[in-house]
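Shown next: data.pdb, containing PDB, C-alpha atoms.
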```pdb
ATOM      1  CA  MET A 163     -32.417  30.245  16.187
ATOM      2  CA  LEU A 164     -29.692  32.886  15.787
ATOM      3  CA  TYR A 165     -26.838  33.161  18.279
ATOM      4  CA  GLY A 166     -24.837  36.308  18.874
ATOM      5  CA  LEU A 167     -22.600  38.135  21.351
ATOM      6  CA  TRP A 168     -23.697  41.421  22.768
ATOM      7  CA  PRO A 169     -20.997  43.944  23.831
ATOM      8  CA  SER A 170     -21.650  43.083  27.474
ATOM      9  CA  SER A 171     -20.289  39.573  26.669
ATOM     10  CA  GLU A 172     -23.650  37.871  27.168
ATOM     11  CA  LEU A 173     -24.675  35.197  24.732
ATOM     12  CA  LEU A 174     -28.002  36.158  23.238
ATOM     13  CA  VAL A 175     -30.371  33.731  21.620
ATOM     14  CA  TYR A 176     -32.680  35.248  19.043
ATOM     15  CA  ASN A 177     -35.816  33.825  17.610
ATOM     16  CA  THR A 178     -35.147  34.124  13.878
ATOM     17  CA  GLN A 179     -38.782  34.913  12.996
ATOM     18  CA  GLN A 180     -39.053  37.825  15.396
ATOM     19  CA  THR A 181     -35.564  39.344  15.251
ATOM     20  CA  SER A 182     -34.395  38.794  11.700
ATOM     21  CA  HIS A 183     -34.855  42.494  10.983
ATOM     22  CA  ALA A 184     -32.974  43.492  14.156
ATOM     23  CA  ALA A 185     -30.110  41.116  13.361
ATOM     24  CA  LEU A 186     -29.907  42.452   9.805
ATOM     25  CA  SER A 187     -29.799  46.043  11.004
ATOM     26  CA  TRP A 188     -27.121  45.113  13.582
ATOM     27  CA  LEU A 189     -25.045  43.491  10.824
ATOM     28  CA  CYS A 190     -25.441  46.554   8.586
ATOM     29  CA  CYS A 191     -24.346  48.783  11.461
ATOM     30  CA  LEU A 192     -21.298  46.578  12.041
ATOM     31  CA  LEU A 193     -20.350  46.677   8.349
ATOM     32  CA  ASN A 194     -20.756  50.459   8.195
ATOM     33  CA  SER A 195     -18.430  50.914  11.167
ATOM     34  CA  ALA A 196     -15.900  48.531   9.583
ATOM     35  CA  PHE A 197     -15.918  50.460   6.299
ATOM     36  CA  SER A 198     -15.597  53.778   8.085
ATOM     37  CA  MET A 199     -12.191  52.655   9.389
ATOM     38  CA  PHE A 200     -10.842  52.610   5.832
ATOM     39  CA  GLN A 201     -11.725  56.157   4.899
ATOM     40  CA  VAL A 202      -8.850  58.117   3.439
ATOM     41  CA  ASN A 203      -7.763  61.090   5.446
ATOM     42  CA  GLU A 204      -6.480  63.981   3.386
ATOM     43  CA  ASN A 205      -4.033  65.223   6.028
ATOM     44  CA  TYR A 206      -0.479  63.974   5.775
ATOM     45  CA  MET A 207       2.918  64.949   7.049
ATOM     46  CA  ARG A 208       6.178  64.644   5.155
ATOM     47  CA  VAL A 209       9.249  63.873   7.236
ATOM     48  CA  LEU A 210      12.322  65.714   5.972
ATOM     49  CA  GLU A 211      14.919  64.787   8.560
ATOM     50  CA  PHE A 212      15.567  62.781  11.680
ATOM     51  CA  VAL A 213      17.506  63.927  14.713
ATOM     52  CA  ILE A 214      19.922  61.589  16.460
ATOM     53  CA  VAL A 215      19.296  62.033  20.159
ATOM     54  CA  GLY A 216      22.091  59.768  21.416
ATOM     55  CA  PHE A 217      22.155  59.759  25.187
ATOM     56  CA  PRO A 218      19.370  62.194  26.124
ATOM     57  CA  SER A 219      20.444  62.852  29.714
ATOM     58  CA  LEU A 220      24.149  63.325  28.896
ATOM     59  CA  GLN A 221      25.430  66.726  29.921
ATOM     60  CA  LEU A 222      27.357  68.944  27.501
ATOM     61  CA  GLU A 223      30.681  68.655  29.324
ATOM     62  CA  TYR A 224      30.787  64.901  28.586
ATOM     63  CA  PHE A 225      30.151  65.215  24.827
ATOM     64  CA  ASP A 226      33.880  65.377  24.007
ATOM     65  CA  PHE A 227      34.631  62.315  26.119
ATOM     66  CA  VAL A 228      31.889  60.292  24.415
ATOM     67  CA  ALA A 229      32.995  61.509  20.972
ATOM     68  CA  TRP A 230      36.603  60.507  21.635
ATOM     69  CA  PHE A 231      35.469  57.123  22.941
ATOM     70  CA  PHE A 232      33.404  56.424  19.813
ATOM     71  CA  PHE A 233      36.232  57.715  17.593
ATOM     72  CA  PHE A 234      38.737  55.425  19.326
ATOM     73  CA  LEU A 235      36.321  52.528  18.934
ATOM     74  CA  TYR A 236      35.853  53.385  15.246
ATOM     75  CA  VAL A 237      39.580  53.648  14.470
ATOM     76  CA  THR A 238      40.424  50.488  16.441
ATOM     77  CA  THR A 239      37.750  48.459  14.679
ATOM     78  CA  VAL A 240      38.641  49.634  11.182
ATOM     79  CA  VAL A 241      42.430  49.352  11.613
ATOM     80  CA  GLY A 242      42.237  45.980  13.368
ATOM     81  CA  ASN A 243      39.989  44.452  10.727
ATOM     82  CA  LEU A 244      42.028  45.936   7.863
ATOM     83  CA  LEU A 245      45.181  44.480   9.432
ATOM     84  CA  LEU A 246      43.476  41.092   9.568
ATOM     85  CA  VAL A 247      42.454  41.334   5.901
ATOM     86  CA  VAL A 248      45.988  42.367   4.855
ATOM     87  CA  VAL A 249      47.611  39.503   6.793
ATOM     88  CA  PHE A 250      45.265  36.964   5.218
ATOM     89  CA  ALA A 251      45.785  38.462   1.754
ATOM     90  CA  LEU A 252      49.613  38.370   2.012
ATOM     91  CA  GLU A 253      49.775  34.750   3.153
ATOM     92  CA  HIS A 254      49.067  32.926  -0.099
ATOM     93  CA  PHE A 255      49.908  29.361   0.855
ATOM     94  CA  GLY A 256      49.018  28.637   4.469
ATOM     95  CA  LEU A 257      45.785  30.575   4.855
ATOM     96  CA  GLN A 258      43.601  29.215   2.078
ATOM     97  CA  LYS A 259      41.386  27.088   4.317
ATOM     98  CA  PRO A 260      37.653  27.863   4.483
ATOM     99  CA  MET A 261      37.882  29.196   8.044
ATOM    100  CA  TYR A 262      40.284  31.935   6.989
ATOM    101  CA  ILE A 263      38.029  32.926   4.096
ATOM    102  CA  ILE A 264      35.128  33.117   6.544
ATOM    103  CA  MET A 265      37.229  35.241   8.915
ATOM    104  CA  VAL A 266      38.096  37.685   6.095
ATOM    105  CA  SER A 267      34.405  37.914   5.232
ATOM    106  CA  LEU A 268      33.560  38.642   8.859
ATOM    107  CA  ALA A 269      36.278  41.312   9.044
ATOM    108  CA  LEU A 270      35.019  43.037   5.876
ATOM    109  CA  SER A 271      31.439  42.898   7.095
ATOM    110  CA  ASP A 272      32.503  44.361  10.441
ATOM    111  CA  ILE A 273      34.324  47.196   8.650
ATOM    112  CA  GLY A 274      31.160  47.933   6.644
ATOM    113  CA  PHE A 275      28.964  47.913   9.749
ATOM    114  CA  THR A 276      31.334  50.262  11.569
ATOM    115  CA  MET A 277      31.627  52.619   8.592
ATOM    116  CA  VAL A 278      27.841  52.915   8.368
ATOM    117  CA  ALA A 279      26.919  53.178  12.050
ATOM    118  CA  LEU A 280      29.555  55.219  13.886
ATOM    119  CA  PRO A 281      30.507  58.325  11.837
ATOM    120  CA  LYS A 282      27.166  60.102  12.308
ATOM    121  CA  VAL A 283      27.171  59.313  16.028
ATOM    122  CA  ILE A 284      30.682  60.769  16.311
ATOM    123  CA  ALA A 285      29.558  63.872  14.402
ATOM    124  CA  ARG A 286      26.623  64.199  16.798
ATOM    125  CA  TYR A 287      28.919  64.607  19.781
ATOM    126  CA  TRP A 288      31.835  66.489  18.211
ATOM    127  CA  SER A 289      30.040  69.102  16.134
ATOM    128  CA  ASN A 290      26.503  68.759  17.542
ATOM    129  CA  ASP A 291      25.324  67.686  14.083
ATOM    130  CA  GLY A 292      22.535  65.262  14.881
ATOM    131  CA  SER A 293      20.280  65.839  11.883
ATOM    132  CA  LEU A 294      19.992  63.157   9.248
ATOM    133  CA  GLY A 295      18.023  63.444   5.997
ATOM    134  CA  PHE A 296      15.105  61.120   5.383
ATOM    135  CA  HIS A 297      16.670  59.146   2.532
ATOM    136  CA  THR A 298      20.037  59.052   4.272
ATOM    137  CA  CYS A 299      18.384  57.657   7.381
ATOM    138  CA  LEU A 300      16.565  55.004   5.349
ATOM    139  CA  PHE A 301      19.804  54.033   3.603
ATOM    140  CA  GLN A 302      21.709  53.896   6.899
ATOM    141  CA  GLU A 303      18.985  51.808   8.527
ATOM    142  CA  HIS A 304      18.949  49.423   5.588
ATOM    143  CA  MET A 305      22.734  49.031   5.585
ATOM    144  CA  ILE A 306      22.889  48.494   9.357
ATOM    145  CA  HIS A 307      20.323  45.720   9.077
ATOM    146  CA  CYS A 308      22.115  44.194   6.068
ATOM    147  CA  PHE A 309      25.525  44.185   7.745
ATOM    148  CA  GLY A 310      24.043  42.939  11.025
ATOM    149  CA  SER A 311      22.311  40.073   9.236
ATOM    150  CA  LEU A 312      25.460  39.352   7.261
ATOM    151  CA  ASN A 313      27.496  39.187  10.475
ATOM    152  CA  SER A 314      25.019  36.713  11.935
ATOM    153  CA  LEU A 315      25.091  34.599   8.780
ATOM    154  CA  ILE A 316      28.890  34.556   8.724
ATOM    155  CA  LEU A 317      29.026  33.530  12.392
ATOM    156  CA  LEU A 318      26.520  30.765  11.632
ATOM    157  CA  THR A 319      28.735  29.574   8.781
ATOM    158  CA  MET A 320      31.783  29.677  11.033
ATOM    159  CA  SER A 321      30.074  27.642  13.739
ATOM    160  CA  LEU A 322      28.812  25.131  11.165
ATOM    161  CA  ASP A 323      32.354  24.769   9.811
ATOM    162  CA  ARG A 324      33.720  24.114  13.323
ATOM    163  CA  TYR A 325      30.901  21.647  14.042
ATOM    164  CA  LEU A 326      31.655  19.665  10.893
ATOM    165  CA  ALA A 327      35.393  19.751  11.629
ATOM    166  CA  ILE A 328      34.833  18.324  15.119
ATOM    167  CA  CYS A 329      32.163  15.734  14.271
ATOM    168  CA  PHE A 330      33.710  14.533  11.018
ATOM    169  CA  PRO A 331      37.495  14.919  11.246
ATOM    170  CA  LEU A 332      39.523  14.274   8.101
TER     171      LEU A 332
END
```

Could you render the structure as structure tokens?
Amino acid sequence: MLYGLWPSSELLVYNTQQTSHAALSWLCCLLNSAFSMFQVNENYMRVLEFVIVGFPSLQLEYFDFVAWFFFFLYVTTVVGNLLLVVVFALEHFGLQKPMYIIMVSLALSDIGFTMVALPKVIARYWSNDGSLGFHTCLFQEHMIHCFGSLNSLILLTMSLDRYLAICFPL
């Protein structure tokens, strides 16, 4: 006996002596349709640039406001994190604990993330320059994911350090 499912979801029972040829032809038809999915199509399209859309429904009169907001956010983030790095670098004696080293790493990673993500968005709203080359977009995407993952890893390390400091005090 040969069991099979028909497309109408009914279980069919075949007598193998009578329907072996039908089952074989059904299997050949199934294999032909599976191999036809892997045919190579000769048409292709090469992407040369991407366009940053931003906020699609934002009206033109608000572009300057959004650009200034992102610029203020950019400058505040970079200056604040650089100030943190400078303070930790100037204090040689008191700030050599692992938590301060982790905080400097987080500040540097945050500077890198901000430097990669925000300048093109600011340019989009200030000068209406939303186009981004293919390789530039790939590089920016890769760096955003790297810095985002690095931020998460540093925060994990920081929380593990605090956990060990609380559970096993010196």

Between CA of Tyr287 (chain A) and CA of Ile306 (chain A), distance in Å (one decimal): 20.1 Å

Length of the CA of Thr319 (chain A) to CA of Met277 (chain A) vector [Å]: 23.2 Å

Atomic separation - CA of Ala285 (chain A) relative to CA of Gln302 (chain A), Å: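 The value is 14.7 Å.
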
Contact residues around Asp226 (chain A) with all atoms listed in the file at 12 Å, ignoring same-chain residues under 2 positions, as number ranges by chain: A: 220-224, 228-233, 284-290

Proximity to Val213 (chain A) - best of A:Ala269, A:Ile263, A:Cys299, A:Leu312, all atoms listed in the file: A:Cys299

Residue list as a VMD selection string for point (32.4, 41.8, 7.3), cut-off 12 Å, only C-alpha atoms: chain A and resid 239 to 240 243 to 244 246 to 247 263 to 277 306 308 to 317

Could you write out as JSON the box around region 271-275 of chain A (axis-aligned, all atoms listed in the file, 8 Å on each side), with centre and edge lengths in Å to one decimal?
```
{"center_x": 31.6, "center_y": 45.4, "center_z": 8.5, "size_x": 21.4, "size_y": 21.0, "size_z": 19.8}
```

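Ranking A:Phe227, A:Tyr262, A:Tyr236, A:Phe212 by their shortest atom-to-atom distance to Glu303 (chain A), with all atoms listed in the file included, puts A:Phe212 first.
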
Nearest candidate to His304 (chain A) (options A:Leu245, A:Ile214, A:Val278, A:Val209; using all atoms listed in the file):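 Nearest candidate to His304 (chain A) out of A:Leu245, A:Ile214, A:Val278, A:Val209: A:Val278.
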
A:Tyr206, A:Glu253, A:Gly216, A:Ala327 ranked by distance to Asp291 (chain A), top pick (using all atoms listed in the file): A:Gly216

Kindly reconstruct region 295-306 of chain A with N, CA, C and O atoms and present the result as a PDB file, in the frame of the given file.
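File written: result_32.pdb
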```pdb
ATOM      1  N   GLY A 295      19.087  63.376   6.986  1.00  0.00           N
ATOM      2  CA  GLY A 295      18.023  63.444   5.997  1.00  0.00           C
ATOM      3  C   GLY A 295      17.220  62.158   5.930  1.00  0.00           C
ATOM      4  O   GLY A 295      17.672  61.089   6.345  1.00  0.00           O
ATOM      5  N   PHE A 296      16.010  62.260   5.406  1.00  0.00           N
ATOM      6  CA  PHE A 296      15.105  61.120   5.383  1.00  0.00           C
ATOM      7  C   PHE A 296      15.684  59.952   4.586  1.00  0.00           C
ATOM      8  O   PHE A 296      15.740  58.819   5.070  1.00  0.00           O
ATOM      9  N   HIS A 297      16.144  60.225   3.366  1.00  0.00           N
ATOM     10  CA  HIS A 297      16.670  59.146   2.532  1.00  0.00           C
ATOM     11  C   HIS A 297      17.999  58.620   3.063  1.00  0.00           C
ATOM     12  O   HIS A 297      18.277  57.426   2.961  1.00  0.00           O
ATOM     13  N   THR A 298      18.784  59.491   3.653  1.00  0.00           N
ATOM     14  CA  THR A 298      20.037  59.052   4.272  1.00  0.00           C
ATOM     15  C   THR A 298      19.752  58.139   5.455  1.00  0.00           C
ATOM     16  O   THR A 298      20.426  57.130   5.638  1.00  0.00           O
ATOM     17  N   CYS A 299      18.760  58.487   6.230  1.00  0.00           N
ATOM     18  CA  CYS A 299      18.384  57.657   7.381  1.00  0.00           C
ATOM     19  C   CYS A 299      17.874  56.295   6.921  1.00  0.00           C
ATOM     20  O   CYS A 299      18.228  55.268   7.502  1.00  0.00           O
ATOM     21  N   LEU A 300      17.056  56.275   5.873  1.00  0.00           N
ATOM     22  CA  LEU A 300      16.565  55.004   5.349  1.00  0.00           C
ATOM     23  C   LEU A 300      17.709  54.150   4.837  1.00  0.00           C
ATOM     24  O   LEU A 300      17.744  52.938   5.081  1.00  0.00           O
ATOM     25  N   PHE A 301      18.650  54.769   4.114  1.00  0.00           N
ATOM     26  CA  PHE A 301      19.804  54.033   3.603  1.00  0.00           C
ATOM     27  C   PHE A 301      20.654  53.499   4.751  1.00  0.00           C
ATOM     28  O   PHE A 301      21.075  52.341   4.733  1.00  0.00           O
ATOM     29  N   GLN A 302      20.901  54.324   5.772  1.00  0.00           N
ATOM     30  CA  GLN A 302      21.709  53.896   6.899  1.00  0.00           C
ATOM     31  C   GLN A 302      21.025  52.765   7.663  1.00  0.00           C
ATOM     32  O   GLN A 302      21.663  51.786   8.044  1.00  0.00           O
ATOM     33  N   GLU A 303      19.728  52.871   7.847  1.00  0.00           N
ATOM     34  CA  GLU A 303      18.985  51.808   8.527  1.00  0.00           C
ATOM     35  C   GLU A 303      19.056  50.503   7.742  1.00  0.00           C
ATOM     36  O   GLU A 303      19.287  49.432   8.307  1.00  0.00           O
ATOM     37  N   HIS A 304      18.888  50.609   6.433  1.00  0.00           N
ATOM     38  CA  HIS A 304      18.949  49.423   5.588  1.00  0.00           C
ATOM     39  C   HIS A 304      20.331  48.779   5.650  1.00  0.00           C
ATOM     40  O   HIS A 304      20.455  47.555   5.776  1.00  0.00           O
ATOM     41  N   MET A 305      21.377  49.577   5.574  1.00  0.00           N
ATOM     42  CA  MET A 305      22.734  49.031   5.585  1.00  0.00           C
ATOM     43  C   MET A 305      23.091  48.435   6.947  1.00  0.00           C
ATOM     44  O   MET A 305      23.770  47.408   7.022  1.00  0.00           O
ATOM     45  N   ILE A 306      22.632  49.053   8.020  1.00  0.00           N
ATOM     46  CA  ILE A 306      22.889  48.494   9.357  1.00  0.00           C
ATOM     47  C   ILE A 306      22.225  47.134   9.491  1.00  0.00           C
ATOM     48  O   ILE A 306      22.824  46.181   9.998  1.00  0.00           O
TER      49      ILE A 306
END
```
